[in-house]
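Visitor: Structure supplied as structure.tsv; contents: TSV, C-alpha atoms.
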```
chain	number	residue	atom	x	y	z
A	1	ALA	CA	101.50	90.90	99.25
A	2	CYS	CA	100.01	94.34	99.73
A	3	GLU	CA	99.79	97.89	98.38
A	4	SER	CA	102.40	100.16	99.93
A	5	GLY	CA	102.10	103.44	98.00
A	6	SER	CA	99.70	106.33	97.54
A	7	ARG	CA	96.75	104.02	96.84
A	8	ALA	CA	97.10	102.63	100.37
A	9	TRP	CA	98.01	106.00	101.87
A	10	GLY	CA	94.75	107.53	100.66
A	11	PHE	CA	95.98	110.17	98.22
A	12	SER	CA	96.32	108.45	94.85
A	13	SER	CA	96.02	110.30	91.55
A	14	PRO	CA	94.45	108.97	88.34
A	15	ASP	CA	97.93	108.02	87.09
A	16	SER	CA	99.37	106.62	90.34
A	17	ASP	CA	101.42	103.42	90.18
A	18	TYR	CA	100.45	100.22	91.92
A	19	ASP	CA	103.22	99.81	94.50
A	20	VAL	CA	103.02	96.10	95.33
A	21	ARG	CA	105.26	94.78	98.10
A	22	PHE	CA	105.46	91.21	99.35
A	23	VAL	CA	107.29	88.83	101.68
A	24	TYR	CA	108.26	85.41	100.35
A	25	VAL	CA	109.95	82.25	101.61
A	26	HIS	CA	112.25	79.80	99.83
A	27	PRO	CA	112.38	76.02	100.21
A	28	VAL	CA	114.42	75.13	103.28
A	29	ASN	CA	117.52	74.01	101.30
A	30	TRP	CA	117.96	77.57	99.98
A	31	TYR	CA	118.85	78.67	103.51
A	32	LEU	CA	121.28	75.81	104.18
A	33	THR	CA	124.16	76.86	101.94
A	34	LEU	CA	127.44	78.54	102.77
A	35	GLU	CA	126.73	81.41	100.40
A	36	GLU	CA	123.94	83.86	101.09
A	37	ASN	CA	122.03	84.46	97.89
A	38	ARG	CA	120.12	87.53	96.80
A	39	ASP	CA	117.24	88.08	99.23
A	40	VAL	CA	115.09	90.56	97.30
A	41	ILE	CA	112.98	90.40	94.17
A	42	ASP	CA	112.68	93.59	92.13
A	43	LEU	CA	110.60	93.27	89.00
A	44	PRO	CA	110.87	95.80	86.16
A	45	ILE	CA	108.16	98.45	86.26
A	46	GLU	CA	105.48	97.24	83.88
A	47	ASP	CA	102.89	99.32	82.03
A	48	THR	CA	99.61	97.40	81.97
A	49	PRO	CA	96.00	98.24	81.01
A	50	VAL	CA	95.24	98.99	84.68
A	51	GLY	CA	98.33	101.19	85.20
A	52	LEU	CA	102.01	100.97	86.07
A	53	LEU	CA	102.97	98.02	88.28
A	54	ASP	CA	105.93	98.54	90.61
A	55	ILE	CA	106.48	95.17	92.29
A	56	GLY	CA	109.14	94.15	94.79
A	57	GLY	CA	109.57	91.81	97.71
A	58	TRP	CA	111.82	90.71	100.56
A	59	ASP	CA	112.78	87.22	101.61
A	60	LEU	CA	111.41	86.27	105.03
A	61	ARG	CA	114.84	86.12	106.69
A	62	LYS	CA	115.69	89.61	105.44
A	63	THR	CA	112.28	90.82	106.60
A	64	LEU	CA	112.74	89.46	110.11
A	65	ARG	CA	116.27	90.85	110.36
A	66	LEU	CA	114.99	94.31	109.46
A	67	LEU	CA	112.08	93.91	111.84
A	68	SER	CA	114.48	93.08	114.67
A	69	LYS	CA	116.02	96.53	114.04
A	70	SER	CA	112.57	98.13	114.23
A	71	ASN	CA	112.32	99.00	110.53
A	72	PRO	CA	108.84	100.62	110.43
A	73	VAL	CA	108.21	99.58	106.82
A	74	ILE	CA	107.24	96.11	108.07
A	75	TRP	CA	104.44	97.50	110.24
A	76	GLU	CA	103.17	99.56	107.31
A	77	TRP	CA	102.88	96.46	105.16
A	78	LEU	CA	101.12	94.61	107.97
A	79	GLN	CA	98.35	97.19	108.19
A	80	SER	CA	97.93	98.02	104.49
A	81	PRO	CA	94.22	98.41	103.68
A	82	ILE	CA	94.80	96.78	100.27
A	83	CYS	CA	95.80	93.12	100.44
A	84	TYR	CA	96.67	91.35	97.19
A	85	GLN	CA	97.48	87.93	98.65
A	86	ALA	CA	95.49	86.19	101.35
A	87	GLU	CA	98.53	84.99	103.28
A	88	GLN	CA	98.98	88.55	104.52
A	89	GLN	CA	96.27	87.83	107.09
A	90	ILE	CA	98.33	84.93	108.43
A	91	PHE	CA	101.33	87.24	108.61
A	92	ARG	CA	99.30	89.71	110.65
A	93	GLU	CA	98.68	87.00	113.23
A	94	PHE	CA	102.39	87.20	114.08
A	95	ARG	CA	101.94	90.68	115.52
A	96	ASN	CA	102.30	89.40	119.06
A	97	VAL	CA	105.86	88.39	118.11
A	98	PHE	CA	106.61	91.48	116.01
A	99	ASP	CA	105.24	94.34	118.09
A	100	PRO	CA	107.75	94.16	121.00
A	101	PHE	CA	110.43	95.10	118.44
A	102	TYR	CA	108.68	98.35	117.50
A	103	SER	CA	110.88	101.17	118.78
A	104	PRO	CA	109.23	104.63	118.81
A	105	ILE	CA	112.55	106.49	118.63
A	106	THR	CA	113.76	104.49	115.62
A	107	ALA	CA	110.44	104.79	113.79
A	108	CYS	CA	110.14	108.51	114.45
A	109	HIS	CA	113.63	109.22	113.13
A	110	HIS	CA	112.85	107.08	110.06
A	111	TYR	CA	109.83	109.21	109.16
A	112	LEU	CA	111.63	112.46	109.90
A	113	SER	CA	114.46	111.40	107.60
A	114	ILE	CA	112.01	110.76	104.75
A	115	CYS	CA	110.39	114.13	105.30
A	116	ARG	CA	113.68	115.98	105.56
A	117	ASN	CA	115.20	114.36	102.46
A	118	THR	CA	112.10	115.06	100.38
A	119	MET	CA	112.04	118.68	101.54
A	120	ASP	CA	115.71	119.15	100.68
A	121	GLN	CA	115.04	117.86	97.16
A	122	ALA	CA	111.76	119.62	96.44
A	123	LEU	CA	111.64	122.94	98.27
A	124	THR	CA	114.09	124.85	96.14
A	125	ARG	CA	111.74	126.29	93.50
A	126	PRO	CA	108.56	128.40	93.48
A	127	SER	CA	106.56	125.39	92.28
A	128	VAL	CA	106.50	121.75	93.38
A	129	LYS	CA	104.95	118.53	92.11
A	130	ILE	CA	101.76	117.96	94.03
A	131	LYS	CA	102.76	114.44	95.06
A	132	LYS	CA	105.91	115.77	96.75
A	133	TYR	CA	103.80	117.61	99.31
A	134	PHE	CA	102.23	114.33	100.36
A	135	TYR	CA	105.57	112.56	100.43
A	136	ARG	CA	106.53	115.10	103.10
A	137	LEU	CA	103.22	115.41	104.91
A	138	ARG	CA	102.50	111.74	105.52
A	139	PRO	CA	105.84	110.90	107.21
A	140	LEU	CA	105.69	114.10	109.26
A	141	LEU	CA	102.19	113.27	110.47
A	142	ALA	CA	103.36	109.72	111.26
A	143	ALA	CA	106.19	111.18	113.35
A	144	LEU	CA	103.70	113.41	115.18
A	145	TRP	CA	101.56	110.35	115.88
A	146	ILE	CA	104.52	108.48	117.35
A	147	GLU	CA	105.48	111.49	119.45
A	148	ARG	CA	101.99	111.72	120.93
A	149	TYR	CA	100.95	108.06	121.26
A	150	ARG	CA	104.28	106.16	121.07
A	151	VAL	CA	102.70	103.40	118.98
A	152	VAL	CA	102.60	102.35	115.33
A	153	PRO	CA	100.94	105.16	113.33
A	154	PRO	CA	98.10	104.40	110.91
A	155	MET	CA	99.00	104.16	107.24
A	156	GLU	CA	96.15	106.24	105.78
A	157	LEU	CA	96.39	110.02	105.59
A	158	GLY	CA	92.77	110.45	106.69
A	159	LEU	CA	93.48	108.73	110.00
A	160	LEU	CA	96.78	110.51	110.54
A	161	LEU	CA	95.09	113.90	110.21
A	162	SER	CA	93.39	113.40	113.56
A	163	VAL	CA	96.77	114.08	115.20
A	164	ILE	CA	96.40	117.75	114.19
A	165	ASP	CA	92.73	118.19	115.16
A	166	ASP	CA	93.78	121.32	117.01
A	167	GLN	CA	95.18	122.93	113.83
A	168	ALA	CA	92.08	123.49	111.70
A	169	GLU	CA	93.76	125.72	109.11
A	170	ILE	CA	96.48	123.17	108.34
A	171	GLN	CA	93.94	120.35	108.21
A	172	LYS	CA	91.82	122.29	105.75
A	173	CYS	CA	94.82	123.03	103.51
A	174	ILE	CA	95.82	119.37	103.46
A	175	LEU	CA	92.29	118.16	102.71
A	176	ASN	CA	91.96	120.67	99.87
A	177	LEU	CA	95.28	119.50	98.46
A	178	GLN	CA	94.20	115.88	98.77
A	179	GLU	CA	91.05	116.61	96.78
A	180	ARG	CA	93.09	118.35	94.06
A	181	LYS	CA	95.47	115.39	93.80
A	182	GLN	CA	92.60	112.98	93.17
A	183	HIS	CA	91.87	114.79	89.90
A	184	LEU	CA	95.32	115.93	88.76
A	185	ASP	CA	98.27	114.24	87.10
A	186	GLU	CA	100.61	113.83	90.09
A	187	GLN	CA	103.55	115.10	88.04
A	188	VAL	CA	101.89	118.49	87.49
A	189	PRO	CA	103.72	121.25	89.42
A	190	ILE	CA	101.67	123.60	91.57
A	191	PRO	CA	102.63	126.87	93.27
A	192	ARG	CA	104.11	126.43	96.72
A	193	ILE	CA	101.63	126.70	99.61
A	194	ALA	CA	103.02	128.94	102.34
A	195	THR	CA	100.78	127.54	105.09
A	196	ILE	CA	101.90	123.97	104.47
A	197	ASP	CA	105.55	124.98	104.00
A	198	GLY	CA	105.52	126.75	107.35
A	199	PHE	CA	103.89	123.80	109.09
A	200	LEU	CA	106.38	121.33	107.62
A	201	GLY	CA	109.39	123.46	108.49
A	202	SER	CA	108.45	124.27	112.06
A	203	GLU	CA	107.25	120.79	113.02
A	204	LEU	CA	110.24	119.08	111.44
A	205	LYS	CA	112.61	121.30	113.41
A	206	ARG	CA	110.73	120.72	116.67
A	207	LEU	CA	110.38	116.95	116.21
A	208	GLN	CA	114.05	116.45	115.50
A	209	GLU	CA	114.65	117.48	119.13
A	210	THR	CA	111.68	115.82	120.85
A	211	ALA	CA	112.24	112.53	118.99
A	212	LYS	CA	115.48	112.07	120.92
A	213	LEU	CA	113.41	111.54	124.08
A	214	LEU	CA	111.25	108.70	122.75
A	215	PRO	CA	111.64	105.20	124.19
A	216	VAL	CA	113.59	102.33	122.71
A	217	ALA	CA	111.91	98.93	122.43
A	218	THR	CA	113.73	95.60	122.46
A	219	GLY	CA	112.03	92.37	121.49
A	220	ASP	CA	112.95	88.77	122.13
A	221	ARG	CA	115.32	87.83	119.26
A	222	PRO	CA	114.95	84.04	119.81
A	223	SER	CA	111.20	84.44	119.16
A	224	LEU	CA	112.01	85.61	115.62
A	225	ASP	CA	114.41	82.68	115.16
A	226	ARG	CA	111.67	80.26	116.17
A	227	LEU	CA	109.17	81.95	113.87
A	228	PHE	CA	111.61	81.82	110.95
A	229	GLN	CA	112.35	78.14	111.54
A	230	GLU	CA	108.65	77.36	111.68
A	231	CYS	CA	107.91	79.24	108.44
A	232	VAL	CA	110.66	77.51	106.43
A	233	GLY	CA	109.69	74.06	107.74
A	234	LEU	CA	112.48	73.40	110.21
A	235	LYS	CA	110.07	72.92	113.13
```
Is it possible to give me this structure as structure tokens?
Guide:
Amino acid sequence: ACESGSRAWGFSSPDSDYDVRFVYVHPVNWYLTLEENRDVIDLPIEDTPVGLLDIGGWDLRKTLRLLSKSNPVIWEWLQSPICYQAEQQIFREFRNVFDPFYSPITACHHYLSICRNTMDQALTRPSVKIKKYFYRLRPLLAALWIERYRVVPPMELGLLLSVIDDQAEIQKCILNLQERKQHLDEQVPIPRIATIDGFLGSELKRLQETAKLLPVATGDRPSLDRLFQECVGLK
């Protein structure tokens, strides 16, 4: 179980939720029925003394199926800097099985889709909620990282910013915005920032073309079957 939201991404606000995500496994008999049962757990958002808790998890079989399709969310959870349950470290030891399934082209298009959808929803008015900028910037920077290095991008914004070391003005704007977010209610709208808007628009357009040239990775599917069987006690 780990943090998967702004607290792990490095740009939380005083009122940010705790976005807890986890992977779980059932007793072996649960998997040996003709019917496939619900394979996710979504708990109601709960307001607690420490803040809002948004908790959800995936069954291991679902997780491994998505991983076999190179769903980059799995790799984000694996590297989260905030671990709520110690078994996450054991899960990280499976990276030698997981990493061959990481496909740069699939991951890059995933992040570009997040960025594009958020832009379509938010960039229609003269003001924008401050958190929406980061919901566009982080996936775009992750896509830039994949384009350059063709590996899993880091989760934290501070690390991702190194991919634009040659664009000092943009870096400065993002860092200033990050500092503002740490002290503001994330729902507060702010005036649009032309420098960031221009960067987002131009890089998104460019990456949608260059991403098509990224490599596809294919892992060894039987290795995931063996791992699943071991985890549920069949081996």
Visitor: Which value, in Å to one decimal, gives the distance between CA of Pro100 in chain A and CA of Leu213 in chain A?
Guide: 18.5 Å
Visitor: Please determine, counting only C-alpha atoms, which residue among A:Ala142, A:Leu184, A:Thr48, A:Phe199 has the shortest atom-to-atom distance to Ile170 in chain A.
Guide: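 Of A:Ala142, A:Leu184, A:Thr48, A:Phe199, the one nearest Ile170 in chain A is A:Phe199, counting only C-alpha atoms.
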Visitor: Using all atoms listed in the file, which of the listed residues (A:Leu64, A:Val23, A:Ala1, A:Ile41) sits closest to Ser223 in chain A?
Guide: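 The shortest atom-to-atom distance to Ser223 in chain A comes from A:Leu64.
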Visitor: Can you pull out every residue within 7 Å of Ser4 in chain A, counting only C-alpha atoms, but drop anything in the same chain fewer than 2 positions away, and send it as a list in words?
Guide: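 The filter keeps Cys2, Ala8, Asp19, Val20, Arg21, Trp77 and Ser80 of chain A.
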Visitor: Using only C-alpha atoms, find the one residue out of A:Asp197, A:Asp99, A:Asp166, A:Glu76 that sits nearest to Pro126 in chain A.
Guide: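 Checking each of A:Asp197, A:Asp99, A:Asp166, A:Glu76 against Pro126 in chain A, counting only C-alpha atoms, the winner is A:Asp197.
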Visitor: Could you jot down the CA of Glu35 in chain A to CA of Ile74 in chain A separation for me, Å, one decimal place?
Guide: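 Between these atoms lies a distance of 25.6 Å.
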Visitor: Give me, please, the distance in Å between CA of Ser162 in chain A and CA of Ile190 in chain A, quoted to one decimal.
Guide: 25.6 Å
Visitor: Any chance you could work out the axis-aligned box around range 60-67 of chain A, listed atoms only, 5 Å on each side, giving centre and edge lengths in Å to one decimal, as lines of an AutoDock Vina configuration file?
Guide:
```
center_x = 113.8
center_y = 90.2
center_z = 108.4
size_x = 14.9
size_y = 18.2
size_z = 16.8
```
Visitor: Measuring between only C-alpha atoms, which one of A:Gln187, A:Gln178, A:Gln79, A:Thr33 shows the shortest distance to Asp15 in chain A?
Guide: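 Of A:Gln187, A:Gln178, A:Gln79, A:Thr33, the one nearest Asp15 in chain A, counting only C-alpha atoms, is A:Gln187.
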Visitor: Kindly extract all protein, DNA and RNA residues lying within 12 Å of the coordinates (91.6, 113.8, 110.8) given in the file, considering only C-alpha atoms, and supply them as a PyMOL selection string.
Guide: chain A and resi 141+145+154+156-168+170-172+174-175
Visitor: Which of these residues is nearest to Ser12 in chain A, using only C-alpha atoms: A:Phe134, A:Leu140, A:Glu230, A:Arg221?
Guide: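 When distances to Ser12 in chain A are compared using only C-alpha atoms, the smallest one comes from A:Phe134.
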Visitor: How would range 195-217 of chain A of the given structure read as a file with N, CA, C and O atoms, as an mmCIF file, in the first residue's frame?
Guide:
```cif
data_model
loop_
_atom_site.group_PDB
_atom_site.id
_atom_site.type_symbol
_atom_site.label_atom_id
_atom_site.label_comp_id
_atom_site.auth_asym_id
_atom_site.auth_seq_id
_atom_site.Cartn_x
_atom_site.Cartn_y
_atom_site.Cartn_z
ATOM 1 N N THR A 195 3.404 31.507 -19.986
ATOM 2 C CA THR A 195 4.641 30.754 -20.232
ATOM 3 C C THR A 195 4.408 29.258 -20.109
ATOM 4 O O THR A 195 4.861 28.467 -20.949
ATOM 5 N N ILE A 196 3.674 28.860 -19.080
ATOM 6 C CA ILE A 196 3.400 27.441 -18.878
ATOM 7 C C ILE A 196 2.414 26.937 -19.928
ATOM 8 O O ILE A 196 2.568 25.826 -20.463
ATOM 9 N N ASP A 197 1.406 27.737 -20.256
ATOM 10 C CA ASP A 197 0.451 27.329 -21.290
ATOM 11 C C ASP A 197 1.161 27.063 -22.616
ATOM 12 O O ASP A 197 0.878 26.070 -23.303
ATOM 13 N N GLY A 198 2.070 27.951 -22.971
ATOM 14 C CA GLY A 198 2.801 27.785 -24.227
ATOM 15 C C GLY A 198 3.665 26.543 -24.223
ATOM 16 O O GLY A 198 3.725 25.802 -25.218
ATOM 17 N N PHE A 199 4.333 26.300 -23.096
ATOM 18 C CA PHE A 199 5.183 25.108 -22.963
ATOM 19 C C PHE A 199 4.352 23.832 -23.086
ATOM 20 O O PHE A 199 4.705 22.912 -23.829
ATOM 21 N N LEU A 200 3.225 23.787 -22.378
ATOM 22 C CA LEU A 200 2.363 22.616 -22.424
ATOM 23 C C LEU A 200 1.848 22.355 -23.843
ATOM 24 O O LEU A 200 1.881 21.216 -24.336
ATOM 25 N N GLY A 201 1.379 23.402 -24.491
ATOM 26 C CA GLY A 201 0.808 23.243 -25.821
ATOM 27 C C GLY A 201 1.812 22.785 -26.851
ATOM 28 O O GLY A 201 1.541 21.856 -27.627
ATOM 29 N N SER A 202 2.970 23.403 -26.866
ATOM 30 C CA SER A 202 3.970 23.075 -27.892
ATOM 31 C C SER A 202 4.578 21.691 -27.678
ATOM 32 O O SER A 202 4.761 20.921 -28.631
ATOM 33 N N GLU A 203 4.876 21.355 -26.422
ATOM 34 C CA GLU A 203 5.488 20.049 -26.148
ATOM 35 C C GLU A 203 4.496 18.914 -26.340
ATOM 36 O O GLU A 203 4.856 17.833 -26.814
ATOM 37 N N LEU A 204 3.245 19.137 -25.983
ATOM 38 C CA LEU A 204 2.239 18.099 -26.197
ATOM 39 C C LEU A 204 2.094 17.801 -27.687
ATOM 40 O O LEU A 204 2.059 16.645 -28.105
ATOM 41 N N LYS A 205 2.036 18.840 -28.492
ATOM 42 C CA LYS A 205 1.909 18.655 -29.940
ATOM 43 C C LYS A 205 3.112 17.915 -30.502
ATOM 44 O O LYS A 205 2.976 16.994 -31.326
ATOM 45 N N ARG A 206 4.310 18.294 -30.068
ATOM 46 C CA ARG A 206 5.524 17.657 -30.580
ATOM 47 C C ARG A 206 5.605 16.196 -30.147
ATOM 48 O O ARG A 206 5.906 15.300 -30.949
ATOM 49 N N LEU A 207 5.308 15.935 -28.857
ATOM 50 C CA LEU A 207 5.447 14.583 -28.332
ATOM 51 C C LEU A 207 4.454 13.603 -28.929
ATOM 52 O O LEU A 207 4.740 12.407 -29.027
ATOM 53 N N GLN A 208 3.301 14.098 -29.321
ATOM 54 C CA GLN A 208 2.319 13.198 -29.918
ATOM 55 C C GLN A 208 2.840 12.584 -31.210
ATOM 56 O O GLN A 208 2.404 11.501 -31.614
ATOM 57 N N GLU A 209 3.785 13.255 -31.863
ATOM 58 C CA GLU A 209 4.412 12.712 -33.066
ATOM 59 C C GLU A 209 5.626 11.854 -32.727
ATOM 60 O O GLU A 209 5.764 10.736 -33.225
ATOM 61 N N THR A 210 6.517 12.361 -31.869
ATOM 62 C CA THR A 210 7.743 11.611 -31.568
ATOM 63 C C THR A 210 7.457 10.344 -30.780
ATOM 64 O O THR A 210 8.216 9.370 -30.863
ATOM 65 N N ALA A 211 6.366 10.327 -30.000
ATOM 66 C CA ALA A 211 6.043 9.135 -29.200
ATOM 67 C C ALA A 211 5.782 7.924 -30.080
ATOM 68 O O ALA A 211 5.983 6.777 -29.653
ATOM 69 N N LYS A 212 5.351 8.163 -31.309
ATOM 70 C CA LYS A 212 5.056 7.050 -32.220
ATOM 71 C C LYS A 212 6.307 6.234 -32.559
ATOM 72 O O LYS A 212 6.217 5.099 -33.031
ATOM 73 N N LEU A 213 7.482 6.830 -32.335
ATOM 74 C CA LEU A 213 8.735 6.182 -32.709
ATOM 75 C C LEU A 213 9.374 5.421 -31.553
ATOM 76 O O LEU A 213 10.425 4.799 -31.728
ATOM 77 N N LEU A 214 8.767 5.456 -30.383
ATOM 78 C CA LEU A 214 9.355 4.805 -29.217
ATOM 79 C C LEU A 214 9.209 3.286 -29.326
ATOM 80 O O LEU A 214 8.297 2.773 -29.971
ATOM 81 N N PRO A 215 10.097 2.568 -28.649
ATOM 82 C CA PRO A 215 10.069 1.098 -28.755
ATOM 83 C C PRO A 215 8.944 0.454 -27.954
ATOM 84 O O PRO A 215 8.413 1.031 -27.004
ATOM 85 N N VAL A 216 8.613 -0.749 -28.377
ATOM 86 C CA VAL A 216 7.636 -1.581 -27.679
ATOM 87 C C VAL A 216 8.397 -2.667 -26.931
ATOM 88 O O VAL A 216 9.319 -3.272 -27.478
ATOM 89 N N ALA A 217 8.004 -2.898 -25.684
ATOM 90 C CA ALA A 217 8.642 -3.961 -24.900
ATOM 91 C C ALA A 217 7.668 -5.120 -24.747
ATOM 92 O O ALA A 217 6.458 -4.926 -24.647
#
```
